[in-house]
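Each remark here refers to the structure printed beneath this line.
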Amino acid sequence: MVMVMFPDYFVGLTTVVGILASFALPLVSLGIKDKRVWDLYTLVVTFFLMTLTCAVFIDVFINDRVIVYRFGGFPPPLGIVYTVDKFNAIIALTTTIVCFFIALYSVEYMEKFHGVEWFYTLLLGMETGMLGVFYTGDVFNLFVMLEVTSIAAYGLVAFNRSTKEAVEAALKYSIIGATATTLYFLSLIFIYASFGTLNMGHIAFIARQPRAYVLSPLSLFATPYAPLPQLLLGAIIFIALATWVFSFKAALFPNHFWLPDAHPAAPTPISAALSGLVVKVGVYAIMRFLTTLFGVPADIGFPITFNAVKVVLAILMGLGLASVIVGGLLMTVQTDIKRLIAYSTVLHIGIITVAFSTFNIVGVTASIYHIINHSFAKALLFMAAGAFIHRLGTRSIDELAGAGRYMKISLSAMLIAILTLVGLPPFATFTTILLLYSALLELGLAPLIVIIIFGEALAFIGYIRIIYGLWFKPPVKDLSGLKEVGAPMKITFIVMSVIVVLIGVLAPILVSKVIYPVANSLMDATAYIDAVEKAAREVISALMGG
């Protein structure tokens, strides 16, 4: 196999470039008051970030390695490190691809808005924050990048600040979001007071070898502060608090209540980002913490901690099933097209959570595959809906009646996204659902399949209402002058539709060659821990003169 190596600093460069570009844009706008320049600036930056994450993804997969980038050269656990394995490499790449097309879509969609330079500033900040969350190997730095993501998202939800709806949605989102991140900060106090470290690899090492941690080069820099009982208590409190916080960020029932207000109130490109990407931050953190950090069998690590993880997984299974039903039910009664799509996100986060909660390799594979599939399909669905909203100036399904006959490209993109999310073959959700059913059958949980089928059937009813209204329902007003969207939106729809279709058609190859290895790397943290230990050992060796 050909070795393709890229510099490790590509990982750190994503955050540095994103932050600098975000802060520089308002300064650029002071001197150049031309939206075309701001559009091009954002497209170049998002394309560059996509290129960097693609290089990192290729490096990690082809060389089968975990990249550990030390900021400032400080060794883990003393300094901040970005630790990239197959799991966060593929999530980050998915994020930057979708963000690039959101930026392209925004070129046309935002042409009637004021303050576009601030929109792009916050969009770049949000993308950078998400990449920081995914790449970081430090639980405190994750808090910092989570705040970057959240603050940018709050501002984008409130972008249409002249409307009561946007202000109310942003306030609700920010108040509850700030409470959640404060609780996560509190959980960090417990983990640091107990383990004496904030580095994920070091925490994972201690959790797996509670009596042998002194043998690790990591422990030359930091060792657990607390005796075993307090250490276990700190771990359990961290697991409980962090899981609740990130269930809010993921919009998992019953912490989904902010989403149906925030997503419709935001400009449609941001609705696409929130539903397609930002909620995955919460899913990612839950999966990372319950696998890499503490997802270790009781015969290797702490039995009581592993039992706590199993209890949390059982709770997540129940909440995931509730999300499927609640999301499906509420989809059937919506008259606002964006609220209907937002409730669809609640349903699909439930599917992702149920799949992960099986905690076997088939279920985790289904979960990861659906994260990627949903990111593209849901972003495409929101943007297609936004095309009709952009042209007709309304979100009412009734008032959009008949518009699909005049905007066939937009309707086709929407139909592809809907067929994907419904799970008809050969689209990707069909494979996801089959994998999930297989995992549930393997665990003897066949009755749960009925719940998921029921939720999906409800969702189908909601989607049918959209398609029926746009194509079959007679218009309620004269649409003779209605035209299809312009080139930026058309290109976005065509390319994103092709990607969505390929993710489904190539499912056998993608699942076996890409997603399954990703799931394996997530469930077995050995390579992750070894890479962090190696980074610490290299620094120690250098300090000792070789």
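Identifiers for the structure tokens are assigned positionally: chains receive A, B, ... in sequence, residues are indexed from 1 per chain, and ligands are indexed from 1 in the order shown.
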
For stretch 434-439 of chain A, find every residue with an atom within 6 Å (counting only C-alpha atoms), except residues of its own chain fewer than 5 positions away, and show them as a list in words.
Ala355, Val362, Gly363 and Ala366 of chain A

Distance table requested - stretch 478-543 of chain A against stretch 131-150 of chain A, cut-off 12 Å, only C-alpha atoms: one row per qualifying residue with the closest atom pair and its distance in Å to one decimal, ordered by chain and rising residue number, as a tab-separated table.
residue	atom	partner	partner_atom	distance
A:Tyr528	CA	A:Gly137	CA	9.6
A:Ile529	CA	A:Gly137	CA	10.5
A:Ala531	CA	A:Gly137	CA	11.1
A:Val532	CA	A:Gly137	CA	8.9

Excluding A:Val422 and its own-chain neighbours fewer than 2 positions away, which residues fall within 8 Å of it when counting only C-alpha atoms? Please give them as a PyMOL selection string.
chain A and resi 418-420+424+429-430+456+459-460

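Take atom CA of A:Ala401 and atom CA of A:Lys473: the distance between them is 5.4 Å.
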
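Non-sequential neighbours of A:Glu484 (distance at most 12 Å, separation of 3 or more positions within a chain, only C-alpha atoms) are Ala384, Ala387, Phe388, Ile389, His390, Arg391, Leu392, Ala403, Gly404, Arg405, Tyr406, Met407, Lys408, Ile409, Ser410, Leu411, Ser412, Leu479, Ser480, Gly481, Ala487, Pro488, Met489, Lys490 and Phe493 of chain A.
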
Correct to one decimal, the distance atom CA of A:Asp39-atom CA of A:Ala265 is 22.5 Å

The residue from A:Thr51, A:Ile433, A:Thr96, A:Phe61 with the smallest atom-to-atom distance to A:Val450, counting only C-alpha atoms, is A:Ile433

Can you check which residues of stretch 136-371 of chain A DSSP gives as alpha helix (DSSP H) on the backbone and send them as a PyMOL selection string?
chain A and resi 139-157+164-195+200-208+228-249+259-265+268-273+279-288+303-331+337-357+361-371

Have a look at atom CA of A:Ile286 and atom CA of A:Lys338 and let me know their distance in Å, one decimal.
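Atom CA of A:Lys338 lies at a distance of 26.8 Å from atom CA of A:Ile286.
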
Residues within 9 Å of A:Phe356, only C-alpha atoms, excluding chain neighbours under 5 positions, as a list in words
Met287, Leu313, Leu316, Met317, Ile351, Ile361, Gly363, Val364, Thr365, Ala366, Ser367 and Ile368 of chain A

List the spatial neighbours of stretch 374-378 of chain A as a list in words - criterion: any atom at most 8 Å away, only C-alpha atoms, same-chain residues fewer than 4 positions off excluded.
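So, after excluding close chain neighbours, the residues are Thr94, Thr95, Val98, Ala272, Ser275, Gly276, Leu277, Thr345, His348, His370, Phe382, Ala417, Ile418, Thr420, Leu421, Met496, Ile499 and Val500 of chain A.
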
So that I have them on file, write out the residues from the current selection with all heavy atoms, as a short mmCIF file (atom, residue, chain, number, x, y, z; two decimals), in the first residue's frame.
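Contents of the output file result_7.cif:
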data_model
loop_
_atom_site.label_atom_id
_atom_site.label_comp_id
_atom_site.auth_asym_id
_atom_site.auth_seq_id
_atom_site.Cartn_x
_atom_site.Cartn_y
_atom_site.Cartn_z
N THR A 94 -16.66 15.03 7.19
CA THR A 94 -18.07 15.22 6.87
C THR A 94 -18.51 16.64 7.18
O THR A 94 -19.21 17.29 6.39
CB THR A 94 -18.94 14.23 7.68
OG1 THR A 94 -18.57 12.89 7.35
CG2 THR A 94 -20.42 14.44 7.41
N THR A 95 -18.08 17.15 8.32
CA THR A 95 -18.44 18.51 8.76
C THR A 95 -17.95 19.56 7.78
O THR A 95 -18.70 20.47 7.39
CB THR A 95 -17.87 18.78 10.16
OG1 THR A 95 -18.43 17.85 11.08
CG2 THR A 95 -18.17 20.20 10.62
N VAL A 98 -19.86 19.48 4.31
CA VAL A 98 -21.20 20.08 4.41
C VAL A 98 -21.09 21.59 4.60
O VAL A 98 -21.86 22.36 3.99
CB VAL A 98 -22.00 19.44 5.55
CG1 VAL A 98 -23.34 20.16 5.74
CG2 VAL A 98 -22.25 17.95 5.26
N ALA A 272 -29.65 24.19 8.28
CA ALA A 272 -28.96 23.02 7.72
C ALA A 272 -27.76 22.64 8.57
O ALA A 272 -27.51 21.44 8.82
CB ALA A 272 -28.54 23.30 6.29
N SER A 275 -29.04 21.27 12.22
CA SER A 275 -29.63 19.93 12.17
C SER A 275 -28.67 18.89 11.60
O SER A 275 -28.66 17.75 12.04
CB SER A 275 -30.90 19.94 11.33
OG SER A 275 -32.03 20.20 12.12
N GLY A 276 -27.89 19.30 10.61
CA GLY A 276 -26.98 18.35 9.98
C GLY A 276 -25.70 18.12 10.73
O GLY A 276 -25.13 17.02 10.70
N LEU A 277 -25.21 19.16 11.44
CA LEU A 277 -23.87 19.09 12.01
C LEU A 277 -23.79 19.36 13.51
O LEU A 277 -23.21 18.56 14.26
CB LEU A 277 -22.95 20.09 11.28
CG LEU A 277 -22.83 19.92 9.77
CD1 LEU A 277 -22.00 21.06 9.18
CD2 LEU A 277 -22.22 18.58 9.42
N THR A 345 -35.15 15.66 12.76
CA THR A 345 -33.83 15.54 13.37
C THR A 345 -33.91 14.86 14.73
O THR A 345 -33.07 14.02 15.07
CB THR A 345 -33.18 16.94 13.51
OG1 THR A 345 -33.00 17.50 12.22
CG2 THR A 345 -31.83 16.85 14.22
N HIS A 348 -34.16 11.17 14.07
CA HIS A 348 -32.94 10.51 13.60
C HIS A 348 -31.83 10.51 14.65
O HIS A 348 -31.01 9.57 14.68
CB HIS A 348 -32.47 11.15 12.30
CG HIS A 348 -33.31 10.75 11.13
ND1 HIS A 348 -33.15 9.56 10.46
CD2 HIS A 348 -34.37 11.36 10.53
CE1 HIS A 348 -34.04 9.45 9.50
NE2 HIS A 348 -34.79 10.54 9.51
N HIS A 370 -24.95 6.28 10.11
CA HIS A 370 -26.11 7.17 10.05
C HIS A 370 -25.75 8.61 10.41
O HIS A 370 -26.41 9.54 9.94
CB HIS A 370 -27.22 6.66 10.97
CG HIS A 370 -28.57 7.21 10.62
ND1 HIS A 370 -29.08 7.14 9.34
CD2 HIS A 370 -29.51 7.86 11.35
CE1 HIS A 370 -30.28 7.71 9.31
NE2 HIS A 370 -30.56 8.17 10.51
N PHE A 382 -32.97 20.57 4.34
CA PHE A 382 -33.21 21.93 4.82
C PHE A 382 -32.92 22.96 3.73
O PHE A 382 -33.67 23.93 3.54
CB PHE A 382 -32.35 22.23 6.05
CG PHE A 382 -33.11 22.24 7.33
CD1 PHE A 382 -32.79 21.36 8.36
CD2 PHE A 382 -34.15 23.12 7.54
CE1 PHE A 382 -33.50 21.36 9.55
CE2 PHE A 382 -34.87 23.14 8.73
CZ PHE A 382 -34.54 22.25 9.74
N ALA A 417 -33.41 13.68 -0.68
CA ALA A 417 -33.13 13.75 0.76
C ALA A 417 -34.19 12.99 1.54
O ALA A 417 -33.88 12.25 2.49
CB ALA A 417 -33.06 15.20 1.21
N ILE A 418 -35.45 13.16 1.16
CA ILE A 418 -36.55 12.49 1.87
C ILE A 418 -36.47 10.97 1.69
O ILE A 418 -36.62 10.21 2.65
CB ILE A 418 -37.91 13.03 1.38
CG1 ILE A 418 -38.14 14.43 1.95
CG2 ILE A 418 -39.05 12.09 1.78
CD1 ILE A 418 -39.39 15.11 1.44
N THR A 420 -33.89 9.25 1.19
CA THR A 420 -32.76 8.80 2.00
C THR A 420 -33.17 8.65 3.46
O THR A 420 -32.91 7.62 4.10
CB THR A 420 -31.59 9.78 1.88
OG1 THR A 420 -31.14 9.82 0.52
CG2 THR A 420 -30.42 9.37 2.77
N LEU A 421 -33.81 9.67 4.00
CA LEU A 421 -34.15 9.68 5.42
C LEU A 421 -35.26 8.68 5.75
O LEU A 421 -35.30 8.13 6.85
CB LEU A 421 -34.55 11.09 5.84
CG LEU A 421 -33.43 12.13 5.77
CD1 LEU A 421 -33.96 13.53 5.99
CD2 LEU A 421 -32.33 11.82 6.78
N MET A 496 -24.64 17.79 -3.79
CA MET A 496 -25.06 17.15 -2.55
C MET A 496 -25.96 15.95 -2.82
O MET A 496 -25.88 14.92 -2.13
CB MET A 496 -25.78 18.16 -1.66
CG MET A 496 -24.88 19.20 -1.02
SD MET A 496 -24.07 18.60 0.46
CE MET A 496 -25.41 18.66 1.64
N ILE A 499 -23.78 13.08 -3.80
CA ILE A 499 -23.10 12.53 -2.63
C ILE A 499 -24.05 11.65 -1.82
O ILE A 499 -23.70 10.53 -1.42
CB ILE A 499 -22.54 13.66 -1.74
CG1 ILE A 499 -21.40 14.39 -2.45
CG2 ILE A 499 -22.06 13.11 -0.39
CD1 ILE A 499 -20.92 15.63 -1.72
N VAL A 500 -25.27 12.15 -1.60
CA VAL A 500 -26.26 11.39 -0.83
C VAL A 500 -26.57 10.06 -1.50
O VAL A 500 -26.64 9.01 -0.83
CB VAL A 500 -27.54 12.23 -0.63
CG1 VAL A 500 -28.68 11.36 -0.12
CG2 VAL A 500 -27.29 13.38 0.33
#

With only C-alpha atoms as the counted atoms, please give the residues lying no more than 10 Å from stretch 4-14 of chain A, apart from itself and same-chain residues fewer than 4 positions off, as a VMD selection string.
chain A and resid 18 to 19 48 to 53 55 to 63 67 to 71 81 to 84 89 127 to 128 131 to 132 135 to 136

I'd like to know which of A:Tyr343, A:Phe100, A:Trp244, A:Tyr369 is closest to A:Tyr463, using only C-alpha atoms.
A:Tyr343

Per residue of stretch 248-337 of chain A within 12 Å of stretch 506-527 of chain A, note the shortest atom pair and the distance in Å to one decimal, counting only C-alpha atoms, and order the rows by chain and increasing residue number, as a tab-separated table.
residue	atom	partner	partner_atom	distance
A:Tyr284	CA	A:Leu522	CA	10.8
A:Ala285	CA	A:Leu522	CA	11.9
A:Ile286	CA	A:Leu522	CA	11.9
A:Met287	CA	A:Leu522	CA	8.3
A:Arg288	CA	A:Leu522	CA	7.4
A:Phe289	CA	A:Leu522	CA	10.2
A:Leu290	CA	A:Met523	CA	9.4
A:Thr291	CA	A:Met523	CA	5.8
A:Thr292	CA	A:Ala525	CA	5.2
A:Leu293	CA	A:Ala525	CA	8.1
A:Phe294	CA	A:Ala525	CA	9.7
A:Gly295	CA	A:Met523	CA	7.4
A:Val296	CA	A:Asp524	CA	8.5
A:Pro297	CA	A:Asp524	CA	10.7
